[in-house]
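A.B. asks: Provided below: upload.txt, containing compact mmCIF, C-alpha atoms.
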# COMPACT_ATOMS: atom_id res chain seq x y z
CA MET N 1 75.84 52.44 123.36
CA PRO N 2 79.53 53.35 122.97
CA TYR N 3 80.62 55.74 120.22
CA VAL N 4 83.87 57.34 119.15
CA SER N 5 84.12 60.35 116.86
CA VAL N 6 86.06 59.74 113.64
CA ALA N 7 86.07 62.29 110.79
CA ASP N 8 82.90 64.05 112.02
CA VAL N 9 80.94 60.80 112.42
CA ASP N 10 80.14 59.12 115.73
CA HIS N 11 81.16 55.53 115.01
CA TYR N 12 79.45 52.82 116.99
CA TYR N 13 81.80 50.18 118.38
CA GLU N 14 81.83 47.31 120.84
CA TRP N 15 84.46 45.18 122.48
CA LEU N 16 83.88 41.45 122.71
CA THR N 17 86.30 39.65 124.98
CA GLU N 18 86.46 36.20 126.55
CA LYS N 19 85.27 37.58 129.88
CA GLY N 20 82.61 39.72 128.29
CA ASP N 21 84.31 42.89 129.51
CA SER N 22 83.56 46.17 127.81
CA GLU N 23 87.26 47.01 127.60
CA PRO N 24 90.15 44.99 126.16
CA GLY N 25 92.74 43.19 128.24
CA SER N 26 96.24 42.16 127.26
CA LYS N 27 95.40 39.90 124.32
CA PRO N 28 96.12 40.85 120.72
CA VAL N 29 93.24 42.71 119.07
CA MET N 30 91.26 41.50 116.08
CA VAL N 31 89.17 44.12 114.28
CA PHE N 32 86.09 43.07 112.30
CA ILE N 33 84.89 44.98 109.22
CA HIS N 34 81.37 44.36 107.93
CA GLY N 35 80.08 44.50 104.37
CA TRP N 36 77.75 46.80 102.42
CA GLY N 37 74.36 47.45 103.98
CA GLY N 38 75.20 45.56 107.15
CA SER N 39 76.67 46.26 110.55
CA CYS N 40 79.16 44.68 112.90
CA ARG N 41 76.51 42.62 114.67
CA TYR N 42 76.63 39.72 112.20
CA TRP N 43 80.27 39.28 113.24
CA ARG N 44 79.44 38.66 116.90
CA SER N 45 79.28 34.87 116.77
CA THR N 46 82.65 34.67 114.98
CA ALA N 47 84.21 37.14 117.40
CA GLN N 48 82.85 35.18 120.35
CA ALA N 49 84.46 32.00 119.03
CA LEU N 50 87.81 33.78 118.63
CA SER N 51 87.68 35.62 121.96
CA PRO N 52 89.86 33.06 123.79
CA GLN N 53 92.70 34.25 121.55
CA PHE N 54 91.79 37.86 120.81
CA ASP N 55 90.12 40.88 122.28
CA CYS N 56 87.70 41.62 119.45
CA LEU N 57 86.83 45.14 118.29
CA LEU N 58 83.67 45.43 116.19
CA TYR N 59 82.46 48.69 114.67
CA ASP N 60 79.93 50.07 112.19
CA MET N 61 81.40 51.89 109.21
CA ARG N 62 80.44 55.46 108.38
CA GLY N 63 76.79 55.67 107.32
CA PHE N 64 75.98 52.06 108.17
CA GLY N 65 74.46 50.36 111.19
CA ARG N 66 74.48 52.69 114.15
CA SER N 67 77.16 55.02 112.73
CA GLY N 68 74.72 57.58 111.41
CA ILE N 69 75.63 61.01 110.07
CA ALA N 70 74.48 63.97 112.15
CA ALA N 71 72.62 66.67 110.23
CA GLU N 72 75.08 69.38 111.25
CA ASN N 73 78.02 67.37 109.87
CA ARG N 74 76.33 65.95 106.80
CA GLU N 75 77.72 68.33 104.20
CA ALA N 76 81.31 67.90 105.37
CA VAL N 77 81.01 64.11 105.69
CA LEU N 78 79.46 63.59 102.26
CA ALA N 79 82.06 65.90 100.72
CA ARG N 80 84.71 63.30 101.56
CA GLY N 81 83.15 61.05 98.94
CA TYR N 82 82.69 57.31 99.01
CA GLU N 83 85.97 55.87 97.79
CA LEU N 84 86.81 52.82 99.88
CA GLU N 85 90.25 54.23 100.68
CA THR N 86 88.54 56.84 102.86
CA PHE N 87 86.92 54.06 104.91
CA ALA N 88 90.41 52.63 105.40
CA ASP N 89 91.47 56.04 106.70
CA ASP N 90 88.50 55.94 109.08
CA LEU N 91 89.74 52.64 110.45
CA ALA N 92 93.24 54.02 110.98
CA ALA N 93 91.79 56.94 112.93
CA LEU N 94 89.63 54.55 114.95
CA LEU N 95 92.72 52.52 115.91
CA ASP N 96 94.52 55.71 116.88
CA THR N 97 91.67 56.57 119.23
CA PHE N 98 92.21 53.31 121.07
CA ASN N 99 96.02 53.58 120.90
CA LEU N 100 96.23 50.36 118.93
CA GLU N 101 99.52 50.17 117.05
CA THR N 102 99.01 46.73 115.48
CA VAL N 103 95.94 44.55 115.00
CA TRP N 104 94.64 41.50 113.18
CA LEU N 105 91.85 42.02 110.64
CA ASN N 106 88.78 39.96 109.77
CA SER N 107 86.70 41.49 106.98
CA HIS N 108 83.80 40.67 104.69
CA SER N 109 82.53 41.66 101.24
CA THR N 110 82.86 45.43 100.67
CA GLY N 111 84.51 45.56 104.08
CA ALA N 112 87.17 43.22 102.70
CA SER N 113 87.82 45.74 99.90
CA VAL N 114 88.31 48.35 102.63
CA ALA N 115 90.70 45.92 104.31
CA VAL N 116 92.70 45.47 101.09
CA PHE N 117 93.21 49.24 100.89
CA PHE N 118 94.08 49.31 104.59
CA LEU N 119 96.70 46.60 104.04
CA ASN N 120 98.29 48.74 101.34
CA GLN N 121 98.05 52.06 103.17
CA TYR N 122 98.66 50.86 106.74
CA GLY N 123 100.12 47.38 106.35
CA HIS N 124 102.67 48.00 109.10
CA ARG N 125 99.76 48.01 111.54
CA VAL N 126 98.42 44.55 110.63
CA GLU N 127 99.79 41.17 111.71
CA ARG N 128 97.49 39.01 109.58
CA ALA N 129 94.28 39.58 107.65
CA ILE N 130 91.24 37.54 106.67
CA LEU N 131 89.35 38.66 103.55
CA THR N 132 85.98 36.93 103.23
CA CYS N 133 83.94 36.93 100.01
CA ASN N 134 85.97 39.38 97.99
CA GLY N 135 87.75 39.32 94.66
CA ILE N 136 88.43 41.07 91.36
CA PHE N 137 86.16 41.49 88.36
CA GLU N 138 86.29 42.84 84.82
CA TYR N 139 84.59 45.98 83.59
CA ASP N 140 81.48 45.60 81.46
CA LYS N 141 79.88 48.97 80.70
CA LYS N 142 76.40 47.64 79.93
CA SER N 143 76.30 45.33 82.96
CA PHE N 144 77.61 48.03 85.28
CA GLU N 145 75.07 50.58 84.09
CA ALA N 146 72.27 48.07 84.64
CA PHE N 147 73.67 47.34 88.11
CA TYR N 148 73.70 51.03 88.99
CA LYS N 149 70.11 51.43 87.86
CA PHE N 150 69.04 48.42 89.89
CA GLY N 151 71.10 49.64 92.86
CA GLY N 152 69.31 52.98 92.72
CA TYR N 153 65.95 51.24 92.91
CA VAL N 154 67.09 49.00 95.78
CA VAL N 155 68.50 51.85 97.85
CA GLY N 156 65.59 54.15 97.03
CA PHE N 157 62.91 51.63 98.03
CA ARG N 158 63.51 50.91 101.70
CA PRO N 159 60.22 51.47 103.55
CA ALA N 160 60.38 50.91 107.30
CA TRP N 161 57.26 48.73 107.15
CA LEU N 162 59.17 46.12 105.13
CA LYS N 163 60.68 44.62 108.28
CA ARG N 164 57.18 44.00 109.66
CA ILE N 165 56.32 41.56 106.88
CA PRO N 166 56.92 38.05 108.32
CA LEU N 167 58.72 36.55 105.31
CA ALA N 168 60.62 39.70 104.28
CA PRO N 169 63.92 38.82 106.01
CA ARG N 170 63.95 35.35 104.44
CA VAL N 171 63.18 36.68 100.96
CA PHE N 172 65.67 39.53 101.32
CA MET N 173 68.53 37.22 102.32
CA SER N 174 67.75 34.41 99.85
CA ARG N 175 70.12 35.75 97.18
CA PHE N 176 72.96 35.96 99.68
CA LEU N 177 72.73 32.43 101.05
CA SER N 178 73.22 28.86 99.95
CA SER N 179 72.75 27.27 103.39
CA PRO N 180 70.44 28.29 106.26
CA ILE N 181 71.46 30.82 108.91
CA PRO N 182 69.67 31.71 112.16
CA ALA N 183 66.44 33.62 111.60
CA ALA N 184 67.61 36.38 113.96
CA GLU N 185 70.58 37.06 111.66
CA LYS N 186 68.25 37.54 108.69
CA VAL N 187 66.09 39.96 110.63
CA ALA N 188 69.15 41.90 111.82
CA PHE N 189 70.57 42.23 108.33
CA LEU N 190 67.27 43.51 106.93
CA GLU N 191 67.06 46.04 109.78
CA ASP N 192 70.60 47.25 109.07
CA TYR N 193 69.91 47.52 105.35
CA LEU N 194 66.81 49.63 106.00
CA ALA N 195 68.73 51.87 108.43
CA ALA N 196 71.73 52.55 106.18
CA ASP N 197 72.29 56.15 105.07
CA GLY N 198 70.93 56.43 101.53
CA ASP N 199 73.70 58.64 100.17
CA VAL N 200 76.47 56.48 101.60
CA ALA N 201 74.78 53.24 100.57
CA LEU N 202 74.38 54.38 96.98
CA GLY N 203 77.77 56.11 96.85
CA THR N 204 79.60 52.98 97.93
CA VAL N 205 77.73 50.94 95.32
CA TYR N 206 79.15 53.25 92.66
CA THR N 207 82.70 53.08 94.01
CA ALA N 208 82.89 49.40 94.95
CA VAL N 209 81.53 48.30 91.56
CA SER N 210 83.12 50.67 89.07
CA LYS N 211 85.54 50.87 86.18
CA ARG N 212 88.08 52.35 88.57
CA ALA N 213 87.64 49.41 90.95
CA THR N 214 88.37 46.94 88.15
CA GLU N 215 91.63 48.78 87.54
CA VAL N 216 92.68 49.50 91.11
CA MET N 217 91.73 46.31 92.97
CA PRO N 218 94.01 43.90 91.01
CA VAL N 219 96.93 46.23 91.69
CA ALA N 220 95.98 46.48 95.36
CA PHE N 221 95.85 42.68 95.71
CA LYS N 222 99.26 42.36 94.05
CA GLN N 223 100.76 44.85 96.50
CA ILE N 224 99.65 43.08 99.69
CA THR N 225 102.61 42.00 101.81
CA VAL N 226 100.70 41.11 105.00
CA PRO N 227 99.93 37.37 105.25
CA SER N 228 96.26 37.09 104.29
CA LEU N 229 93.57 34.43 103.97
CA LEU N 230 90.96 34.91 101.24
CA VAL N 231 87.81 32.86 101.90
CA SER N 232 85.11 32.33 99.25
CA GLY N 233 81.72 30.66 99.43
CA GLN N 234 81.28 27.95 96.81
CA TYR N 235 77.89 29.24 95.64
CA ASP N 236 78.31 32.94 96.38
CA GLN N 237 76.15 34.86 93.89
CA ILE N 238 77.37 38.30 95.04
CA THR N 239 81.12 37.69 94.69
CA PRO N 240 81.51 34.34 92.91
CA ALA N 241 84.28 32.11 94.17
CA LYS N 242 86.17 32.31 90.87
CA LEU N 243 86.65 36.05 91.47
CA GLY N 244 88.19 35.36 94.85
CA LYS N 245 90.48 32.72 93.39
CA ALA N 246 91.55 35.13 90.66
CA ALA N 247 92.47 37.74 93.26
CA ALA N 248 94.45 35.28 95.37
CA ASP N 249 96.29 33.99 92.31
CA LEU N 250 97.67 37.48 91.74
CA ASN N 251 99.70 37.24 94.93
CA PRO N 252 100.21 33.64 96.06
CA GLU N 253 103.16 34.54 98.29
CA ALA N 254 101.01 36.68 100.57
CA ILE N 255 97.48 35.35 100.03
CA LYS N 256 96.21 31.87 100.85
CA TYR N 257 92.92 30.91 99.21
CA VAL N 258 90.16 28.71 100.66
CA GLU N 259 86.73 27.89 99.24
CA ILE N 260 84.06 26.67 101.65
CA SER N 261 81.61 24.18 100.22
CA ASN N 262 77.84 24.69 100.14
CA THR N 263 77.95 28.31 101.26
CA GLY N 264 77.02 31.62 99.69
CA HIS N 265 77.99 35.15 100.69
CA PHE N 266 78.04 34.52 104.45
CA PRO N 267 80.20 31.41 105.05
CA MET N 268 80.93 32.54 108.62
CA LEU N 269 77.20 32.12 109.36
CA GLU N 270 76.29 29.35 106.91
CA ALA N 271 79.12 26.99 107.93
CA PRO N 272 80.59 28.53 111.10
CA GLN N 273 82.57 25.49 112.22
CA THR N 274 84.22 25.03 108.84
CA TYR N 275 84.91 28.74 108.57
CA LEU N 276 86.49 28.84 112.03
CA LYS N 277 88.55 25.74 111.29
CA GLU N 278 90.08 27.43 108.23
CA VAL N 279 90.61 30.68 110.09
CA GLN N 280 92.23 28.95 113.06
CA ALA N 281 94.56 26.98 110.79
CA PHE N 282 95.64 30.24 109.16
CA LEU N 283 96.13 32.01 112.50
CA GLN N 284 98.12 29.15 113.96
CA ALA N 285 100.47 29.24 111.01
CA ALA N 286 101.69 32.65 112.16
Now that the file is in, can you turn its structure into structure tokens?

C.D. replies:
Amino acid sequence: MPYVSVADVDHYYEWLTEKGDSEPGSKPVMVFIHGWGGSCRYWRSTAQALSPQFDCLLYDMRGFGRSGIAAENREAVLARGYELETFADDLAALLDTFNLETVWLNSHSTGASVAVFFLNQYGHRVERAILTCNGIFEYDKKSFEAFYKFGGYVVGFRPAWLKRIPLAPRVFMSRFLSSPIPAAEKVAFLEDYLAADGDVALGTVYTAVSKRATEVMPVAFKQITVPSLLVSGQYDQITPAKLGKAAADLNPEAIKYVEISNTGHFPMLEAPQTYLKEVQAFLQAA
């Protein structure tokens, strides 16, 4: 498996091109950013569909998927903290490794928050961006504290044997979905969730859903100048569509908003044709 070292972490990556080559050709590059607890592999079907237009670069963020933290680097890596801006810096370093000056972005959930920061910090390197299932929310101390407590239980209870229970992937993904997705995708997501680094998984919960995030994210959305498409799932229980609409409304000159019917937190898997239709329309408007 291919890896590239970024900030003391060997980041897993893969190229997906129209010819199936392991290296990019001359097409523009689209980079895919996955969400919390996942990995780049749930982006493969979308990347495959877009490969006639783009050479697609998929990677696992620090501490997730196959981008594990080596024991000898653990102290230094964890000392960087878990603010999402640092994951944007990771992406910039990753692009530097491949000598990519400008790219297109397709991002999801917490990965879309990373993309928002990237657009503000490195916007000159992005042609267009797609932000899937993201938005802004208000701070509620009691709700947030309950969420942190629940998050601690969720991250702390991740026994390896869970993936051997036949119905576990279906039950695990039920909160995320409104429409069916392939069974293999459910299994893969559960495997990635169980493999995630505990410190990073919990740390990013605290930074992505925080009082600071409620203050910083609206400002970050307002500052976006790169043409962007924000896609929400109609019945998303993780990031409700109204939160995505609220974020897009902060910056209508740069951000186009689309809501996909009868989908939850994974519209690219629940309604792939509709998702691709909206994405293609946005890309062709460039």

A.B. asks: Between N:Met268, N:Ala92, N:Leu276, N:Val205, which is the closest to Pro180 (chain N) once you count all atoms listed in the file?

C.D. replies: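 The answer is N:Met268, which sits nearest to Pro180 (chain N).
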
A.B. asks: Need the shell around Gln273 (chain N): protein/DNA/RNA residues with any atom at most 10 Å away, counting all atoms listed in the file. Skip same-chain ones fewer than 5 positions apart. Format as a VMD selection string?

C.D. replies: chain N and resid 46 49 267 to 268 278 to 279

A.B. asks: Using only C-alpha atoms, can you list as a ChimeraX atom specification the residues within 9 Å of (72.1, 34.5, 97.8)?

C.D. replies: /N:172-178,235-238,264-266

A.B. asks: What is the CA of Gln53 (chain N) to CA of Phe221 (chain N) distance in Å?

C.D. replies: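 CA of Phe221 (chain N) lies 27.4 Å from CA of Gln53 (chain N).
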
A.B. asks: In Å, rounded to a single decimal, give me how far CA of Asp60 (chain N) is from CA of His34 (chain N).

C.D. replies: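 Distance reported for this atom pair: 7.3 Å.
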
A.B. asks: As a list in words, please: the residues near Ile136 (chain N) (cut-off 8 Å, all atoms listed in the file, same-chain neighbours under 2 positions excluded).

C.D. replies: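 Listing them by chain and then by number gives Asn134, Glu138, Thr214, Met217, Pro218, Leu243, Gly244, Ala246 and Ala247 of chain N.
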
A.B. asks: Give as a list in words every residue, naming chains and numbers as the document does, that has an atom within 10 Å of (92.6, 41.4, 116.1), counting only C-alpha atoms.

C.D. replies: Lys27, Pro28, Val29, Met30, Val31, Phe32, Ala47, Leu50, Ser51, Gln53, Phe54, Asp55, Cys56, Leu57, Leu58, Thr102, Val103, Trp104, Leu105, Asn106, Val126, Glu127, Arg128 and Ala129 of chain N

A.B. asks: Excluding Ala201 (chain N) and residues on its chain fewer than 3 positions from it, collect all residues at most 8 Å away from it, counting only C-alpha atoms, and give them as a list in words.

C.D. replies: Trp36, Gly37, Gly63, Phe64, Val155, Ala196, Asp197, Gly198, Thr204 and Val205 of chain N

A.B. asks: Using only C-alpha atoms, which residues sit within 6 Å of Ser67 (chain N) once same-chain residues fewer than 6 positions away are excluded, as a list of chain:residue names?

C.D. replies: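 Near Ser67 (chain N), the qualifying residues are N:Asp10, N:His11, N:Tyr12, N:Asp60.
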
A.B. asks: Can you work out which one of N:Asn120, N:Glu14, N:Tyr42, N:Glu253 has the shortest atom-to-atom distance to Val187 (chain N), counting all atoms listed in the file?

C.D. replies: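 Checking each of N:Asn120, N:Glu14, N:Tyr42, N:Glu253 against Val187 (chain N), counting all atoms listed in the file, the winner is N:Tyr42.
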
A.B. asks: Using Å and a single decimal, report how far CA of Gln48 (chain N) sits from CA of Thr17 (chain N).

C.D. replies: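 It comes out at 7.3 Å.
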
A.B. asks: Report as a VMD selection string all protein, DNA and RNA residues lying within 12 Å of Phe157 (chain N), evaluated on all atoms listed in the file, omitting residues in the same chain fewer than 6 positions from it.

C.D. replies: chain N and resid 150 to 151 193 to 195 198 202

A.B. asks: Only C-alpha atoms, please: the residues just picked out, written as a PDB file, in the coordinates of the input.

C.D. replies:
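This is the output file part.pdb:
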ATOM      1  CA  PHE N 150      69.040  48.420  89.890  1.00  0.00           C
ATOM      2  CA  GLY N 151      71.100  49.640  92.860  1.00  0.00           C
ATOM      3  CA  TYR N 193      69.910  47.520 105.350  1.00  0.00           C
ATOM      4  CA  LEU N 194      66.810  49.630 106.000  1.00  0.00           C
ATOM      5  CA  ALA N 195      68.730  51.870 108.430  1.00  0.00           C
ATOM      6  CA  GLY N 198      70.930  56.430 101.530  1.00  0.00           C
ATOM      7  CA  LEU N 202      74.380  54.380  96.980  1.00  0.00           C
TER       8      LEU N 202
END

A.B. asks: Smallest atom-to-atom distance to Ala188 (chain N): which of N:Arg170, N:Lys142, N:Lys245, N:Arg74, using all atoms listed in the file?

C.D. replies: N:Arg170

A.B. asks: Enumerate, in order of chain and increasing residue number, the residues of region 79-185 of chain N with an atom no farther than 9 Å from region 207-212 of chain N, each with its shortest atom pair and distance in Å to one decimal, counting only C-alpha atoms, as JSON lines.

C.D. replies:
{"residue": "N:Tyr82", "atom": "CA", "partner": "N:Thr207", "partner_atom": "CA", "distance": 6.5}
{"residue": "N:Glu83", "atom": "CA", "partner": "N:Thr207", "partner_atom": "CA", "distance": 5.7}
{"residue": "N:Leu84", "atom": "CA", "partner": "N:Ala208", "partner_atom": "CA", "distance": 7.2}
{"residue": "N:Thr110", "atom": "CA", "partner": "N:Ala208", "partner_atom": "CA", "distance": 7.0}
{"residue": "N:Ser113", "atom": "CA", "partner": "N:Ala208", "partner_atom": "CA", "distance": 7.9}
{"residue": "N:Phe137", "atom": "CA", "partner": "N:Val209", "partner_atom": "CA", "distance": 8.8}
{"residue": "N:Glu138", "atom": "CA", "partner": "N:Lys211", "partner_atom": "CA", "distance": 8.2}
{"residue": "N:Tyr139", "atom": "CA", "partner": "N:Lys211", "partner_atom": "CA", "distance": 5.6}
{"residue": "N:Asp140", "atom": "CA", "partner": "N:Lys211", "partner_atom": "CA", "distance": 8.2}
{"residue": "N:Lys141", "atom": "CA", "partner": "N:Lys211", "partner_atom": "CA", "distance": 8.1}
{"residue": "N:Phe144", "atom": "CA", "partner": "N:Ser210", "partner_atom": "CA", "distance": 7.2}
{"residue": "N:Phe147", "atom": "CA", "partner": "N:Val209", "partner_atom": "CA", "distance": 8.6}
{"residue": "N:Tyr148", "atom": "CA", "partner": "N:Val209", "partner_atom": "CA", "distance": 8.7}

A.B. asks: Identify which of the residues N:Leu16, N:Val226, N:Val216, N:Met61 lies closest to Tyr3 (chain N), counting only C-alpha atoms when measuring atom-to-atom distances.

C.D. replies: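 Closest to Tyr3 (chain N), using only C-alpha atoms: N:Met61.
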
A.B. asks: Find, counting all atoms listed in the file, the residue in N:Val200, N:Ala213, N:Ala146, N:Cys133 that gets nearest to Thr239 (chain N).

C.D. replies: N:Cys133

A.B. asks: Which residue, N:Glu101, N:Glu185, N:Glu270, N:Asp199, has the smallest gap to Arg125 (chain N) when you use all atoms listed in the file?

C.D. replies: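 Comparing N:Glu101, N:Glu185, N:Glu270, N:Asp199 against Arg125 (chain N), the winner is N:Glu101.
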
A.B. asks: Could N, CA and C atoms be built for region 169-199 of chain N and written out as an mmCIF file, in the coordinates of the input?

C.D. replies:
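Writing done, so here's out-v5.cif:
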data_model
loop_
_atom_site.group_PDB
_atom_site.id
_atom_site.type_symbol
_atom_site.label_atom_id
_atom_site.label_comp_id
_atom_site.auth_asym_id
_atom_site.auth_seq_id
_atom_site.Cartn_x
_atom_site.Cartn_y
_atom_site.Cartn_z
ATOM 1 N N PRO N 169 62.498 39.107 105.787
ATOM 2 C CA PRO N 169 63.920 38.820 106.010
ATOM 3 C C PRO N 169 64.403 37.600 105.233
ATOM 4 N N ARG N 170 63.563 36.559 105.167
ATOM 5 C CA ARG N 170 63.950 35.350 104.440
ATOM 6 C C ARG N 170 64.090 35.633 102.946
ATOM 7 N N VAL N 171 63.138 36.358 102.390
ATOM 8 C CA VAL N 171 63.180 36.680 100.960
ATOM 9 C C VAL N 171 64.363 37.589 100.667
ATOM 10 N N PHE N 172 64.581 38.583 101.524
ATOM 11 C CA PHE N 172 65.670 39.530 101.320
ATOM 12 C C PHE N 172 67.021 38.836 101.296
ATOM 13 N N MET N 173 67.218 37.862 102.182
ATOM 14 C CA MET N 173 68.530 37.220 102.320
ATOM 15 C C MET N 173 68.712 36.038 101.374
ATOM 16 N N SER N 174 67.665 35.636 100.659
ATOM 17 C CA SER N 174 67.750 34.410 99.850
ATOM 18 C C SER N 174 68.852 34.473 98.793
ATOM 19 N N ARG N 175 69.083 35.635 98.204
ATOM 20 C CA ARG N 175 70.120 35.750 97.180
ATOM 21 C C ARG N 175 71.526 35.646 97.773
ATOM 22 N N PHE N 176 71.651 35.947 99.041
ATOM 23 C CA PHE N 176 72.960 35.960 99.680
ATOM 24 C C PHE N 176 73.395 34.587 100.194
ATOM 25 N N LEU N 177 72.459 33.673 100.328
ATOM 26 C CA LEU N 177 72.730 32.430 101.050
ATOM 27 C C LEU N 177 72.603 31.201 100.173
ATOM 28 N N SER N 178 73.370 30.178 100.547
ATOM 29 C CA SER N 178 73.220 28.860 99.950
ATOM 30 C C SER N 178 72.789 27.850 101.000
ATOM 31 N N SER N 179 73.139 28.118 102.264
ATOM 32 C CA SER N 179 72.750 27.270 103.390
ATOM 33 C C SER N 179 72.042 28.129 104.437
ATOM 34 N N PRO N 180 71.218 27.522 105.285
ATOM 35 C CA PRO N 180 70.440 28.290 106.260
ATOM 36 C C PRO N 180 71.326 29.001 107.287
ATOM 37 N N ILE N 181 70.845 30.129 107.781
ATOM 38 C CA ILE N 181 71.460 30.820 108.910
ATOM 39 C C ILE N 181 70.361 31.104 109.917
ATOM 40 N N PRO N 182 70.706 31.425 111.165
ATOM 41 C CA PRO N 182 69.670 31.710 112.160
ATOM 42 C C PRO N 182 68.725 32.812 111.704
ATOM 43 N N ALA N 183 67.454 32.640 112.008
ATOM 44 C CA ALA N 183 66.440 33.620 111.600
ATOM 45 C C ALA N 183 66.744 35.007 112.131
ATOM 46 N N ALA N 184 67.289 35.086 113.355
ATOM 47 C CA ALA N 184 67.610 36.380 113.960
ATOM 48 C C ALA N 184 68.641 37.138 113.132
ATOM 49 N N GLU N 185 69.561 36.408 112.495
ATOM 50 C CA GLU N 185 70.580 37.060 111.660
ATOM 51 C C GLU N 185 69.929 37.674 110.417
ATOM 52 N N LYS N 186 68.946 36.998 109.864
ATOM 53 C CA LYS N 186 68.250 37.540 108.690
ATOM 54 C C LYS N 186 67.494 38.809 109.049
ATOM 55 N N VAL N 187 66.834 38.793 110.187
ATOM 56 C CA VAL N 187 66.090 39.960 110.630
ATOM 57 C C VAL N 187 67.047 41.132 110.865
ATOM 58 N N ALA N 188 68.181 40.849 111.517
ATOM 59 C CA ALA N 188 69.150 41.900 111.820
ATOM 60 C C ALA N 188 69.708 42.524 110.558
ATOM 61 N N PHE N 189 70.001 41.688 109.555
ATOM 62 C CA PHE N 189 70.570 42.230 108.330
ATOM 63 C C PHE N 189 69.561 43.105 107.599
ATOM 64 N N LEU N 190 68.298 42.687 107.576
ATOM 65 C CA LEU N 190 67.270 43.510 106.930
ATOM 66 C C LEU N 190 67.123 44.837 107.668
ATOM 67 N N GLU N 191 67.149 44.807 108.991
ATOM 68 C CA GLU N 191 67.060 46.040 109.780
ATOM 69 C C GLU N 191 68.226 46.977 109.458
ATOM 70 N N ASP N 192 69.429 46.422 109.367
ATOM 71 C CA ASP N 192 70.600 47.250 109.070
ATOM 72 C C ASP N 192 70.510 47.843 107.668
ATOM 73 N N TYR N 193 70.061 47.046 106.727
ATOM 74 C CA TYR N 193 69.910 47.520 105.350
ATOM 75 C C TYR N 193 68.922 48.684 105.284
ATOM 76 N N LEU N 194 67.819 48.576 106.004
ATOM 77 C CA LEU N 194 66.810 49.630 106.000
ATOM 78 C C LEU N 194 67.308 50.895 106.698
ATOM 79 N N ALA N 195 68.236 50.733 107.647
ATOM 80 C CA ALA N 195 68.730 51.870 108.430
ATOM 81 C C ALA N 195 69.908 52.575 107.782
ATOM 82 N N ALA N 196 70.530 51.968 106.775
ATOM 83 C CA ALA N 196 71.730 52.550 106.180
ATOM 84 C C ALA N 196 71.451 53.922 105.582
ATOM 85 N N ASP N 197 72.419 54.821 105.667
ATOM 86 C CA ASP N 197 72.290 56.150 105.070
ATOM 87 C C ASP N 197 72.189 56.008 103.557
ATOM 88 N N GLY N 198 71.172 56.598 102.960
ATOM 89 C CA GLY N 198 70.930 56.430 101.530
ATOM 90 C C GLY N 198 72.062 56.927 100.660
ATOM 91 N N ASP N 199 72.614 58.090 100.983
ATOM 92 C CA ASP N 199 73.700 58.640 100.170
ATOM 93 C C ASP N 199 74.951 57.767 100.248
#
